[in-house]
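Novice: The structure file upload22.cif (mmCIF, C-alpha atoms, pLDDT in the B column; chains and numbers go by the auth columns) is provided below.
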data_my_file
loop_
_atom_site.group_PDB
_atom_site.id
_atom_site.type_symbol
_atom_site.label_atom_id
_atom_site.label_comp_id
_atom_site.label_asym_id
_atom_site.label_seq_id
_atom_site.Cartn_x
_atom_site.Cartn_y
_atom_site.Cartn_z
_atom_site.B_iso_or_equiv
_atom_site.auth_seq_id
_atom_site.auth_asym_id
ATOM 1 C CA MET A 1 17.656 -15.946 -12.417 90.00 1 I
ATOM 2 C CA SER A 2 15.202 -15.505 -9.596 95.00 2 I
ATOM 3 C CA ASP A 3 11.839 -13.824 -9.309 97.00 3 I
ATOM 4 C CA PHE A 4 11.405 -11.180 -6.652 98.00 4 I
ATOM 5 C CA ARG A 5 7.974 -9.894 -5.702 98.00 5 I
ATOM 6 C CA TYR A 6 8.083 -6.371 -4.352 98.00 6 I
ATOM 7 C CA ALA A 7 5.556 -3.908 -3.013 98.00 7 I
ATOM 8 C CA VAL A 8 6.057 -0.176 -3.474 98.00 8 I
ATOM 9 C CA ASN A 9 4.135 1.859 -0.886 98.00 9 I
ATOM 10 C CA VAL A 10 3.633 5.447 -2.013 98.00 10 I
ATOM 11 C CA LEU A 11 2.248 8.004 0.443 98.00 11 I
ATOM 12 C CA PRO A 12 1.873 11.784 0.438 97.00 12 I
ATOM 13 C CA LYS A 13 4.752 13.409 2.298 97.00 13 I
ATOM 14 C CA PRO A 14 4.049 14.863 5.745 93.00 14 I
ATOM 15 C CA GLY A 15 2.585 18.333 5.377 93.00 15 I
ATOM 16 C CA ILE A 16 1.324 17.702 1.852 95.00 16 I
ATOM 17 C CA LEU A 17 -2.445 18.017 1.475 95.00 17 I
ATOM 18 C CA ASP A 18 -4.151 14.641 1.240 97.00 18 I
ATOM 19 C CA PRO A 19 -7.719 15.130 -0.017 97.00 19 I
ATOM 20 C CA GLN A 20 -8.470 11.388 -0.042 97.00 20 I
ATOM 21 C CA GLY A 21 -7.339 11.090 3.565 97.00 21 I
ATOM 22 C CA ARG A 22 -9.544 14.028 4.520 97.00 22 I
ATOM 23 C CA ALA A 23 -12.477 12.434 2.710 97.00 23 I
ATOM 24 C CA VAL A 24 -12.041 9.244 4.718 97.00 24 I
ATOM 25 C CA GLU A 25 -11.800 11.213 7.978 97.00 25 I
ATOM 26 C CA GLN A 26 -14.946 13.163 7.162 97.00 26 I
ATOM 27 C CA SER A 27 -16.950 10.013 6.519 96.00 27 I
ATOM 28 C CA LEU A 28 -15.968 8.388 9.824 97.00 28 I
ATOM 29 C CA PRO A 29 -18.692 10.101 11.903 96.00 29 I
ATOM 30 C CA HIS A 30 -21.336 8.705 9.540 95.00 30 I
ATOM 31 C CA LEU A 31 -20.071 5.243 10.414 95.00 31 I
ATOM 32 C CA HIS A 32 -20.084 6.132 14.143 96.00 32 I
ATOM 33 C CA VAL A 33 -16.310 5.720 14.301 97.00 33 I
ATOM 34 C CA THR A 34 -14.689 8.238 16.633 96.00 34 I
ATOM 35 C CA SER A 35 -11.407 6.509 17.504 97.00 35 I
ATOM 36 C CA VAL A 36 -9.638 6.868 14.152 98.00 36 I
ATOM 37 C CA SER A 37 -7.360 9.763 13.170 97.00 37 I
ATOM 38 C CA SER A 38 -4.360 10.737 11.023 97.00 38 I
ATOM 39 C CA VAL A 39 -5.609 9.026 7.894 98.00 39 I
ATOM 40 C CA ARG A 40 -3.284 9.109 4.890 98.00 40 I
ATOM 41 C CA VAL A 41 -4.215 7.568 1.556 98.00 41 I
ATOM 42 C CA GLY A 42 -1.603 6.493 -0.953 98.00 42 I
ATOM 43 C CA ARG A 43 -0.930 3.791 -3.495 97.00 43 I
ATOM 44 C CA ARG A 44 0.432 0.276 -3.243 98.00 44 I
ATOM 45 C CA VAL A 45 2.025 -1.247 -6.320 98.00 45 I
ATOM 46 C CA GLU A 46 3.032 -4.901 -6.354 98.00 46 I
ATOM 47 C CA LEU A 47 5.277 -6.231 -9.103 98.00 47 I
ATOM 48 C CA THR A 48 7.618 -9.081 -9.985 98.00 48 I
ATOM 49 C CA VAL A 49 11.228 -8.526 -11.069 98.00 49 I
ATOM 50 C CA SER A 50 13.431 -11.170 -12.691 97.00 50 I
ATOM 51 C CA ALA A 51 17.026 -10.636 -11.710 97.00 51 I
ATOM 52 C CA ASP A 52 20.245 -12.432 -10.851 96.00 52 I
ATOM 53 C CA SER A 53 20.356 -11.129 -7.305 96.00 53 I
ATOM 54 C CA GLU A 54 18.244 -9.352 -4.762 96.00 54 I
ATOM 55 C CA ALA A 55 20.485 -6.301 -5.063 97.00 55 I
ATOM 56 C CA ALA A 56 19.894 -6.132 -8.831 97.00 56 I
ATOM 57 C CA ALA A 57 16.140 -6.527 -8.375 97.00 57 I
ATOM 58 C CA LEU A 58 16.080 -3.837 -5.704 98.00 58 I
ATOM 59 C CA ALA A 59 17.889 -1.422 -8.012 97.00 59 I
ATOM 60 C CA VAL A 60 15.265 -1.944 -10.736 97.00 60 I
ATOM 61 C CA VAL A 61 12.346 -1.475 -8.337 98.00 61 I
ATOM 62 C CA ASP A 62 13.914 1.578 -6.763 98.00 62 I
ATOM 63 C CA GLY A 63 14.404 3.161 -10.181 97.00 63 I
ATOM 64 C CA LEU A 64 10.783 2.505 -11.134 97.00 64 I
ATOM 65 C CA ALA A 65 9.491 3.804 -7.809 97.00 65 I
ATOM 66 C CA LYS A 66 11.402 7.025 -8.334 96.00 66 I
ATOM 67 C CA GLU A 67 10.722 7.610 -12.032 95.00 67 I
ATOM 68 C CA LEU A 68 7.313 6.102 -12.669 96.00 68 I
ATOM 69 C CA LEU A 69 5.409 5.162 -9.533 97.00 69 I
ATOM 70 C CA SER A 70 5.814 8.224 -7.333 97.00 70 I
ATOM 71 C CA ASN A 71 6.104 11.963 -7.621 96.00 71 I
ATOM 72 C CA PRO A 72 9.150 12.771 -5.489 95.00 72 I
ATOM 73 C CA LEU A 73 8.038 16.364 -4.976 96.00 73 I
ATOM 74 C CA ILE A 74 4.959 15.415 -2.986 97.00 74 I
ATOM 75 C CA GLU A 75 5.221 11.698 -2.275 97.00 75 I
ATOM 76 C CA SER A 76 7.589 9.362 -0.476 97.00 76 I
ATOM 77 C CA TYR A 77 7.857 5.634 -1.057 98.00 77 I
ATOM 78 C CA GLU A 78 9.000 2.509 0.740 97.00 78 I
ATOM 79 C CA LEU A 79 9.983 -0.796 -0.811 98.00 79 I
ATOM 80 C CA GLU A 80 8.939 -4.111 0.686 97.00 80 I
ATOM 81 C CA LEU A 81 10.258 -7.499 -0.442 97.00 81 I
ATOM 82 C CA LEU A 82 7.295 -9.878 -0.414 97.00 82 I
ATOM 83 C CA GLU A 83 8.715 -13.076 -1.866 95.00 83 I
ATOM 84 C CA ALA A 84 11.796 -14.447 -3.606 94.00 84 I
ATOM 85 C CA THR A 85 11.574 -17.579 -5.729 94.00 85 I
ATOM 86 C CA SER A 86 14.424 -19.021 -7.742 86.00 86 I
ATOM 87 C CA SER A 87 13.425 -19.867 -11.297 70.00 87 I
ATOM 88 C CA ALA A 88 13.832 -23.522 -12.325 58.00 88 I
ATOM 89 C CA ALA A 89 16.878 -24.990 -14.078 48.00 89 I
ATOM 90 C CA SER A 90 19.514 -22.299 -14.228 47.00 90 I
ATOM 91 C CA LYS A 91 22.393 -23.858 -16.120 43.00 91 I
ATOM 92 C CA MET B 1 -5.758 3.627 25.958 90.00 1 B
ATOM 93 C CA SER B 2 -3.116 3.005 23.334 95.00 2 B
ATOM 94 C CA ASP B 3 -2.597 4.252 19.820 97.00 3 B
ATOM 95 C CA PHE B 4 -2.245 1.707 17.072 98.00 4 B
ATOM 96 C CA ARG B 5 -0.997 2.691 13.634 98.00 5 B
ATOM 97 C CA TYR B 6 -2.301 0.383 10.939 98.00 6 B
ATOM 98 C CA ALA B 7 -1.891 0.113 7.193 98.00 7 B
ATOM 99 C CA VAL B 8 -4.691 -1.237 5.037 98.00 8 B
ATOM 100 C CA ASN B 9 -3.417 -2.591 1.718 98.00 9 B
ATOM 101 C CA VAL B 10 -6.188 -2.819 -0.874 98.00 10 B
ATOM 102 C CA LEU B 11 -5.537 -4.616 -4.166 98.00 11 B
ATOM 103 C CA PRO B 12 -7.713 -5.753 -7.064 97.00 12 B
ATOM 104 C CA LYS B 13 -8.627 -9.427 -6.674 97.00 13 B
ATOM 105 C CA PRO B 14 -6.899 -11.928 -8.980 93.00 14 B
ATOM 106 C CA GLY B 15 -8.693 -12.051 -12.301 93.00 15 B
ATOM 107 C CA ILE B 16 -10.175 -8.579 -11.908 95.00 16 B
ATOM 108 C CA LEU B 17 -9.087 -6.111 -14.588 95.00 17 B
ATOM 109 C CA ASP B 18 -6.495 -3.662 -13.333 97.00 18 B
ATOM 110 C CA PRO B 19 -6.199 -0.770 -15.797 97.00 19 B
ATOM 111 C CA GLN B 20 -3.617 1.075 -13.688 97.00 20 B
ATOM 112 C CA GLY B 21 -1.447 -2.034 -13.540 97.00 21 B
ATOM 113 C CA ARG B 22 -1.706 -2.412 -17.305 97.00 22 B
ATOM 114 C CA ALA B 23 -0.769 1.229 -17.777 97.00 23 B
ATOM 115 C CA VAL B 24 2.379 0.736 -15.709 97.00 24 B
ATOM 116 C CA GLU B 25 3.286 -2.410 -17.665 97.00 25 B
ATOM 117 C CA GLN B 26 2.814 -0.626 -20.961 97.00 26 B
ATOM 118 C CA SER B 27 5.099 2.205 -19.979 96.00 27 B
ATOM 119 C CA LEU B 28 7.948 -0.107 -18.939 97.00 28 B
ATOM 120 C CA PRO B 29 9.408 -0.507 -22.471 96.00 29 B
ATOM 121 C CA HIS B 30 9.712 3.272 -22.743 95.00 30 B
ATOM 122 C CA LEU B 31 11.931 3.162 -19.662 95.00 31 B
ATOM 123 C CA HIS B 32 13.904 0.233 -21.140 95.00 32 B
ATOM 124 C CA VAL B 33 12.765 -2.038 -18.330 96.00 33 B
ATOM 125 C CA THR B 34 12.122 -5.599 -19.518 96.00 34 B
ATOM 126 C CA SER B 35 12.446 -7.593 -16.306 97.00 35 B
ATOM 127 C CA VAL B 36 9.256 -6.469 -14.577 98.00 36 B
ATOM 128 C CA SER B 37 5.883 -8.233 -14.834 97.00 37 B
ATOM 129 C CA SER B 38 2.620 -8.935 -12.984 97.00 38 B
ATOM 130 C CA VAL B 39 2.069 -5.357 -11.909 98.00 39 B
ATOM 131 C CA ARG B 40 -0.952 -4.717 -9.695 98.00 40 B
ATOM 132 C CA VAL B 41 -1.894 -1.258 -8.491 98.00 41 B
ATOM 133 C CA GLY B 42 -3.982 -0.726 -5.386 98.00 42 B
ATOM 134 C CA ARG B 43 -4.322 1.624 -2.458 97.00 43 B
ATOM 135 C CA ARG B 44 -2.551 1.917 0.849 98.00 44 B
ATOM 136 C CA VAL B 45 -4.339 3.631 3.703 98.00 45 B
ATOM 137 C CA GLU B 46 -2.522 4.379 6.943 98.00 46 B
ATOM 138 C CA LEU B 47 -4.476 5.381 10.036 98.00 47 B
ATOM 139 C CA THR B 48 -4.256 5.599 13.820 98.00 48 B
ATOM 140 C CA VAL B 49 -6.786 3.943 16.130 98.00 49 B
ATOM 141 C CA SER B 50 -7.146 4.674 19.839 97.00 50 B
ATOM 142 C CA ALA B 51 -8.275 1.566 21.668 97.00 51 B
ATOM 143 C CA ASP B 52 -7.883 -0.329 24.916 96.00 52 B
ATOM 144 C CA SER B 53 -6.341 -3.367 23.255 96.00 53 B
ATOM 145 C CA GLU B 54 -4.855 -4.483 19.981 96.00 54 B
ATOM 146 C CA ALA B 55 -7.858 -6.763 19.446 97.00 55 B
ATOM 147 C CA ALA B 56 -10.261 -3.834 19.801 97.00 56 B
ATOM 148 C CA ALA B 57 -8.182 -1.699 17.434 97.00 57 B
ATOM 149 C CA LEU B 58 -8.015 -4.508 14.888 98.00 58 B
ATOM 150 C CA ALA B 59 -11.787 -4.878 14.955 97.00 59 B
ATOM 151 C CA VAL B 60 -12.247 -1.171 14.170 97.00 60 B
ATOM 152 C CA VAL B 61 -9.738 -1.227 11.315 98.00 61 B
ATOM 153 C CA ASP B 62 -11.174 -4.417 9.878 98.00 62 B
ATOM 154 C CA GLY B 63 -14.659 -2.915 9.891 97.00 63 B
ATOM 155 C CA LEU B 64 -13.443 0.232 8.125 97.00 64 B
ATOM 156 C CA ALA B 65 -11.480 -1.773 5.576 97.00 65 B
ATOM 157 C CA LYS B 66 -14.585 -3.761 4.735 96.00 66 B
ATOM 158 C CA GLU B 67 -17.154 -0.961 4.716 95.00 67 B
ATOM 159 C CA LEU B 68 -15.292 2.130 3.620 96.00 68 B
ATOM 160 C CA LEU B 69 -11.824 1.463 2.256 97.00 69 B
ATOM 161 C CA SER B 70 -12.371 -1.445 -0.113 97.00 70 B
ATOM 162 C CA ASN B 71 -15.005 -2.783 -2.478 96.00 71 B
ATOM 163 C CA PRO B 72 -15.286 -6.459 -1.447 95.00 72 B
ATOM 164 C CA LEU B 73 -16.691 -7.428 -4.850 96.00 73 B
ATOM 165 C CA ILE B 74 -13.519 -6.595 -6.719 97.00 74 B
ATOM 166 C CA GLU B 75 -10.860 -5.891 -4.101 97.00 75 B
ATOM 167 C CA SER B 76 -9.160 -7.740 -1.284 97.00 76 B
ATOM 168 C CA TYR B 77 -7.360 -6.158 1.634 98.00 77 B
ATOM 169 C CA GLU B 78 -4.694 -6.977 4.172 97.00 78 B
ATOM 170 C CA LEU B 79 -4.097 -5.279 7.508 98.00 79 B
ATOM 171 C CA GLU B 80 -0.632 -4.474 8.771 97.00 80 B
ATOM 172 C CA LEU B 81 0.155 -3.262 12.288 97.00 81 B
ATOM 173 C CA LEU B 82 2.833 -0.599 11.931 97.00 82 B
ATOM 174 C CA GLU B 83 3.246 0.706 15.465 95.00 83 B
ATOM 175 C CA ALA B 84 1.670 0.509 18.901 94.00 84 B
ATOM 176 C CA THR B 85 2.258 3.284 21.437 94.00 85 B
ATOM 177 C CA SER B 86 0.615 3.478 24.817 87.00 86 B
ATOM 178 C CA SER B 87 -0.800 6.904 25.562 70.00 87 B
ATOM 179 C CA ALA B 88 0.613 8.675 28.596 58.00 88 B
ATOM 180 C CA ALA B 89 -0.904 8.597 32.091 48.00 89 B
ATOM 181 C CA SER B 90 -3.802 6.187 32.009 48.00 90 B
ATOM 182 C CA LYS B 91 -5.320 6.354 35.459 43.00 91 B
#
Could you render the structure as structure tokens?
Specialist:
Amino acid sequence: MSDFRYAVNVLPKPGILDPQGRAVEQSLPHLHVTSVSSVRVGRRVELTVSADSEAAALAVVDGLAKELLSNPLIESYELELLEATSSAASK
Amino acid sequence: MSDFRYAVNVLPKPGILDPQGRAVEQSLPHLHVTSVSSVRVGRRVELTVSADSEAAALAVVDGLAKELLSNPLIESYELELLEATSSAASK
């Protein structure tokens, strides 16, 4: 068994309203920042999966991303493998 | 001038309570998932900066991450360069 640390990046799909992104954009002038645009705000979930292989771990994370961590109607997600560590003493 | 697309990943610092992470962990048994642990939920902000150099763009993003996009008392952030595209016809 190994431990796999994944990140799930969830962002509003293109064309979907993003009120948090708009809020950030509207506060930029108050900070005298004029060079920033196209702000999108989403979620980042980091989690550890115990699995026999990277493929098995990926399947678990992908299932969670789809069913629990994102709303497929309005959000898209990307998976990112952060770290893989083999657990001690597999016999 | 070039356009730099950055991601700012904001996560609760270690030791800081993470109610959203706990909520995800508590819903795992209902999905019959037992191999997932150490869930942390944060934000991911993607934005585009126009700047003369990557260093200048990074400085802008770092300032925003510190002042607007994270709460340094309870959150840490990481910056990720996603894409750099030079704007057309700089004369």
Novice: Within 10 Å of chain B, which residues of chain I come that close, and what is the closest atom pair and distance in Å for each? Count all atoms listed in the file and give it as a tab-separated table.
Specialist:
residue	atom	partner	partner_atom	distance
I:Asp3	CA	B:Ser35	CA	9.4
I:Phe4	CA	B:Val36	CA	9.5
I:Arg5	CA	B:Ser38	CA	9.1
I:Tyr6	CA	B:Val39	CA	9.7
I:Ala7	CA	B:Arg40	CA	9.4
I:Val8	CA	B:Val41	CA	9.5
I:Asn9	CA	B:Arg44	CA	6.9
I:Val10	CA	B:Arg44	CA	7.7
I:Leu11	CA	B:Arg44	CA	7.8
I:Gln20	CA	B:Val45	CA	9.6
I:Gly21	CA	B:Val45	CA	8.0
I:Val24	CA	B:Leu68	CA	7.9
I:Glu25	CA	B:Leu47	CA	9.6
I:Ser27	CA	B:Leu68	CA	8.6
I:Leu28	CA	B:Leu64	CA	8.7
I:Leu31	CA	B:Leu64	CA	8.6
I:Val33	CA	B:Val60	CA	8.0
I:Thr34	CA	B:Ser50	CA	8.9
I:Ser35	CA	B:Ser50	CA	5.2
I:Val36	CA	B:Val49	CA	4.5
I:Ser37	CA	B:Thr48	CA	5.2
I:Ser38	CA	B:Leu47	CA	5.4
I:Val39	CA	B:Leu47	CA	4.4
I:Arg40	CA	B:Glu46	CA	5.2
I:Val41	CA	B:Val45	CA	4.5
I:Gly42	CA	B:Arg44	CA	5.0
I:Arg43	CA	B:Arg43	CA	4.2
I:Arg44	CA	B:Arg43	CA	5.0
I:Val45	CA	B:Val41	CA	4.5
I:Glu46	CA	B:Arg40	CA	5.2
I:Leu47	CA	B:Val39	CA	4.4
I:Thr48	CA	B:Ser37	CA	5.2
I:Val49	CA	B:Val36	CA	4.5
I:Ser50	CA	B:Ser35	CA	5.2
I:Ala51	CA	B:Ser35	CA	7.2
I:Ala57	CA	B:Ser35	CA	8.8
I:Val60	CA	B:Val33	CA	8.0
I:Val61	CA	B:Val36	CA	8.6
I:Gly63	CA	B:Leu31	CA	9.8
I:Leu64	CA	B:Leu31	CA	8.6
I:Glu67	CA	B:Leu31	CA	8.9
I:Leu68	CA	B:Val24	CA	7.9
I:Leu69	CA	B:Val24	CA	8.2
Novice: The selected residues should be written to file as an mmCIF file, in the coordinates of the input (atoms: C-alpha atoms).
Specialist:
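As a result, selection18.cif now contains:
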data_model
loop_
_atom_site.group_PDB
_atom_site.id
_atom_site.type_symbol
_atom_site.label_atom_id
_atom_site.label_comp_id
_atom_site.auth_asym_id
_atom_site.auth_seq_id
_atom_site.Cartn_x
_atom_site.Cartn_y
_atom_site.Cartn_z
ATOM 1 C CA ASP I 3 11.839 -13.824 -9.309
ATOM 2 C CA PHE I 4 11.405 -11.180 -6.652
ATOM 3 C CA ARG I 5 7.974 -9.894 -5.702
ATOM 4 C CA TYR I 6 8.083 -6.371 -4.352
ATOM 5 C CA ALA I 7 5.556 -3.908 -3.013
ATOM 6 C CA VAL I 8 6.057 -0.176 -3.474
ATOM 7 C CA ASN I 9 4.135 1.859 -0.886
ATOM 8 C CA VAL I 10 3.633 5.447 -2.013
ATOM 9 C CA LEU I 11 2.248 8.004 0.443
ATOM 10 C CA GLN I 20 -8.470 11.388 -0.042
ATOM 11 C CA GLY I 21 -7.339 11.090 3.565
ATOM 12 C CA VAL I 24 -12.041 9.244 4.718
ATOM 13 C CA GLU I 25 -11.800 11.213 7.978
ATOM 14 C CA SER I 27 -16.950 10.013 6.519
ATOM 15 C CA LEU I 28 -15.968 8.388 9.824
ATOM 16 C CA LEU I 31 -20.071 5.243 10.414
ATOM 17 C CA VAL I 33 -16.310 5.720 14.301
ATOM 18 C CA THR I 34 -14.689 8.238 16.633
ATOM 19 C CA SER I 35 -11.407 6.509 17.504
ATOM 20 C CA VAL I 36 -9.638 6.868 14.152
ATOM 21 C CA SER I 37 -7.360 9.763 13.170
ATOM 22 C CA SER I 38 -4.360 10.737 11.023
ATOM 23 C CA VAL I 39 -5.609 9.026 7.894
ATOM 24 C CA ARG I 40 -3.284 9.109 4.890
ATOM 25 C CA VAL I 41 -4.215 7.568 1.556
ATOM 26 C CA GLY I 42 -1.603 6.493 -0.953
ATOM 27 C CA ARG I 43 -0.930 3.791 -3.495
ATOM 28 C CA ARG I 44 0.432 0.276 -3.243
ATOM 29 C CA VAL I 45 2.025 -1.247 -6.320
ATOM 30 C CA GLU I 46 3.032 -4.901 -6.354
ATOM 31 C CA LEU I 47 5.277 -6.231 -9.103
ATOM 32 C CA THR I 48 7.618 -9.081 -9.985
ATOM 33 C CA VAL I 49 11.228 -8.526 -11.069
ATOM 34 C CA SER I 50 13.431 -11.170 -12.691
ATOM 35 C CA ALA I 51 17.026 -10.636 -11.710
ATOM 36 C CA ALA I 57 16.140 -6.527 -8.375
ATOM 37 C CA VAL I 60 15.265 -1.944 -10.736
ATOM 38 C CA VAL I 61 12.346 -1.475 -8.337
ATOM 39 C CA GLY I 63 14.404 3.161 -10.181
ATOM 40 C CA LEU I 64 10.783 2.505 -11.134
ATOM 41 C CA GLU I 67 10.722 7.610 -12.032
ATOM 42 C CA LEU I 68 7.313 6.102 -12.669
ATOM 43 C CA LEU I 69 5.409 5.162 -9.533
#
Novice: Would you mind reading off the distance between CA of Asn71 (chain B) and CA of Ser2 (chain B), one decimal, in Å?
Specialist: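 CA of Asn71 (chain B) sits 29.0 Å away from CA of Ser2 (chain B).
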Novice: Provide the CA of Met1 (chain I) to CA of Ala55 (chain I) distance in Å, to one decimal place.
Specialist: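 These two atoms are separated by 12.5 Å.
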Novice: Could you check how far CA of Asp18 (chain I) sits from CA of Leu81 (chain B), in Å to one decimal?
Specialist: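 Separation between CA of Asp18 (chain I) and CA of Leu81 (chain B): 21.5 Å.
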Novice: Around region 4-23 of chain B, fit a box with edges along x, y and z, padding it by 4 Å on each side, then list its centre and edge lengths in Å to one decimal as lines of an AutoDock Vina configuration file.
Specialist:
center_x = -5.5
center_y = -4.7
center_z = -0.4
size_x = 17.4
size_y = 22.7
size_z = 42.8
Novice: Using all atoms listed in the file, pick whichever of I:Lys13, I:Ala56, I:Pro19, I:His32 has the shortest atom-to-atom distance to Tyr77 (chain I).
Specialist: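 Of the candidates, the smallest distance to Tyr77 (chain I) is held by I:Lys13.
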Novice: Rebuild N, CA and C atoms on region 31-55 of chain B, as a short mmCIF file (atom, residue, chain, number, x, y, z; two decimals), keeping the file's coordinate frame?
Specialist:
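The file below, part-v8.cif, is the result:
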data_model
loop_
_atom_site.label_atom_id
_atom_site.label_comp_id
_atom_site.auth_asym_id
_atom_site.auth_seq_id
_atom_site.Cartn_x
_atom_site.Cartn_y
_atom_site.Cartn_z
N LEU B 31 10.85 2.94 -20.63
CA LEU B 31 11.93 3.16 -19.66
C LEU B 31 13.02 2.10 -19.82
N HIS B 32 12.94 1.29 -20.87
CA HIS B 32 13.90 0.23 -21.14
C HIS B 32 13.98 -0.78 -20.00
N VAL B 33 12.84 -1.03 -19.39
CA VAL B 33 12.76 -2.04 -18.33
C VAL B 33 12.05 -3.26 -18.90
N THR B 34 12.73 -4.40 -18.93
CA THR B 34 12.12 -5.60 -19.52
C THR B 34 11.95 -6.72 -18.50
N SER B 35 12.41 -6.50 -17.29
CA SER B 35 12.45 -7.59 -16.31
C SER B 35 11.29 -7.54 -15.31
N VAL B 36 10.34 -6.65 -15.54
CA VAL B 36 9.26 -6.47 -14.58
C VAL B 36 7.94 -6.96 -15.17
N SER B 37 7.16 -7.70 -14.37
CA SER B 37 5.88 -8.23 -14.83
C SER B 37 4.89 -8.30 -13.68
N SER B 38 3.67 -8.72 -14.01
CA SER B 38 2.62 -8.94 -12.98
C SER B 38 2.44 -7.73 -12.07
N VAL B 39 2.24 -6.58 -12.68
CA VAL B 39 2.07 -5.36 -11.91
C VAL B 39 0.61 -5.21 -11.49
N ARG B 40 0.39 -4.99 -10.21
CA ARG B 40 -0.95 -4.72 -9.70
C ARG B 40 -0.90 -3.40 -8.94
N VAL B 41 -1.87 -2.55 -9.17
CA VAL B 41 -1.89 -1.26 -8.49
C VAL B 41 -3.12 -1.17 -7.59
N GLY B 42 -2.89 -0.87 -6.34
CA GLY B 42 -3.98 -0.73 -5.39
C GLY B 42 -3.78 0.50 -4.52
N ARG B 43 -4.42 0.49 -3.38
CA ARG B 43 -4.32 1.62 -2.46
C ARG B 43 -3.67 1.18 -1.16
N ARG B 44 -3.06 2.14 -0.50
CA ARG B 44 -2.55 1.92 0.85
C ARG B 44 -3.07 3.03 1.74
N VAL B 45 -3.78 2.66 2.77
CA VAL B 45 -4.34 3.63 3.70
C VAL B 45 -3.67 3.41 5.06
N GLU B 46 -3.11 4.47 5.61
CA GLU B 46 -2.52 4.38 6.94
C GLU B 46 -3.36 5.22 7.89
N LEU B 47 -3.62 4.67 9.08
CA LEU B 47 -4.48 5.38 10.04
C LEU B 47 -4.12 4.99 11.46
N THR B 48 -4.52 5.83 12.40
CA THR B 48 -4.26 5.60 13.82
C THR B 48 -5.58 5.33 14.54
N VAL B 49 -5.60 4.28 15.34
CA VAL B 49 -6.79 3.94 16.13
C VAL B 49 -6.43 4.04 17.60
N SER B 50 -7.27 4.70 18.38
CA SER B 50 -7.15 4.67 19.84
C SER B 50 -8.04 3.58 20.38
N ALA B 51 -7.47 2.67 21.15
CA ALA B 51 -8.28 1.57 21.67
C ALA B 51 -7.62 1.02 22.92
N ASP B 52 -8.39 0.25 23.67
CA ASP B 52 -7.88 -0.33 24.92
C ASP B 52 -6.95 -1.50 24.65
N SER B 53 -7.15 -2.18 23.54
CA SER B 53 -6.34 -3.37 23.26
C SER B 53 -6.12 -3.48 21.76
N GLU B 54 -5.13 -4.28 21.40
CA GLU B 54 -4.86 -4.48 19.98
C GLU B 54 -6.04 -5.15 19.31
N ALA B 55 -6.70 -6.07 20.03
CA ALA B 55 -7.86 -6.76 19.45
C ALA B 55 -8.97 -5.77 19.12
#
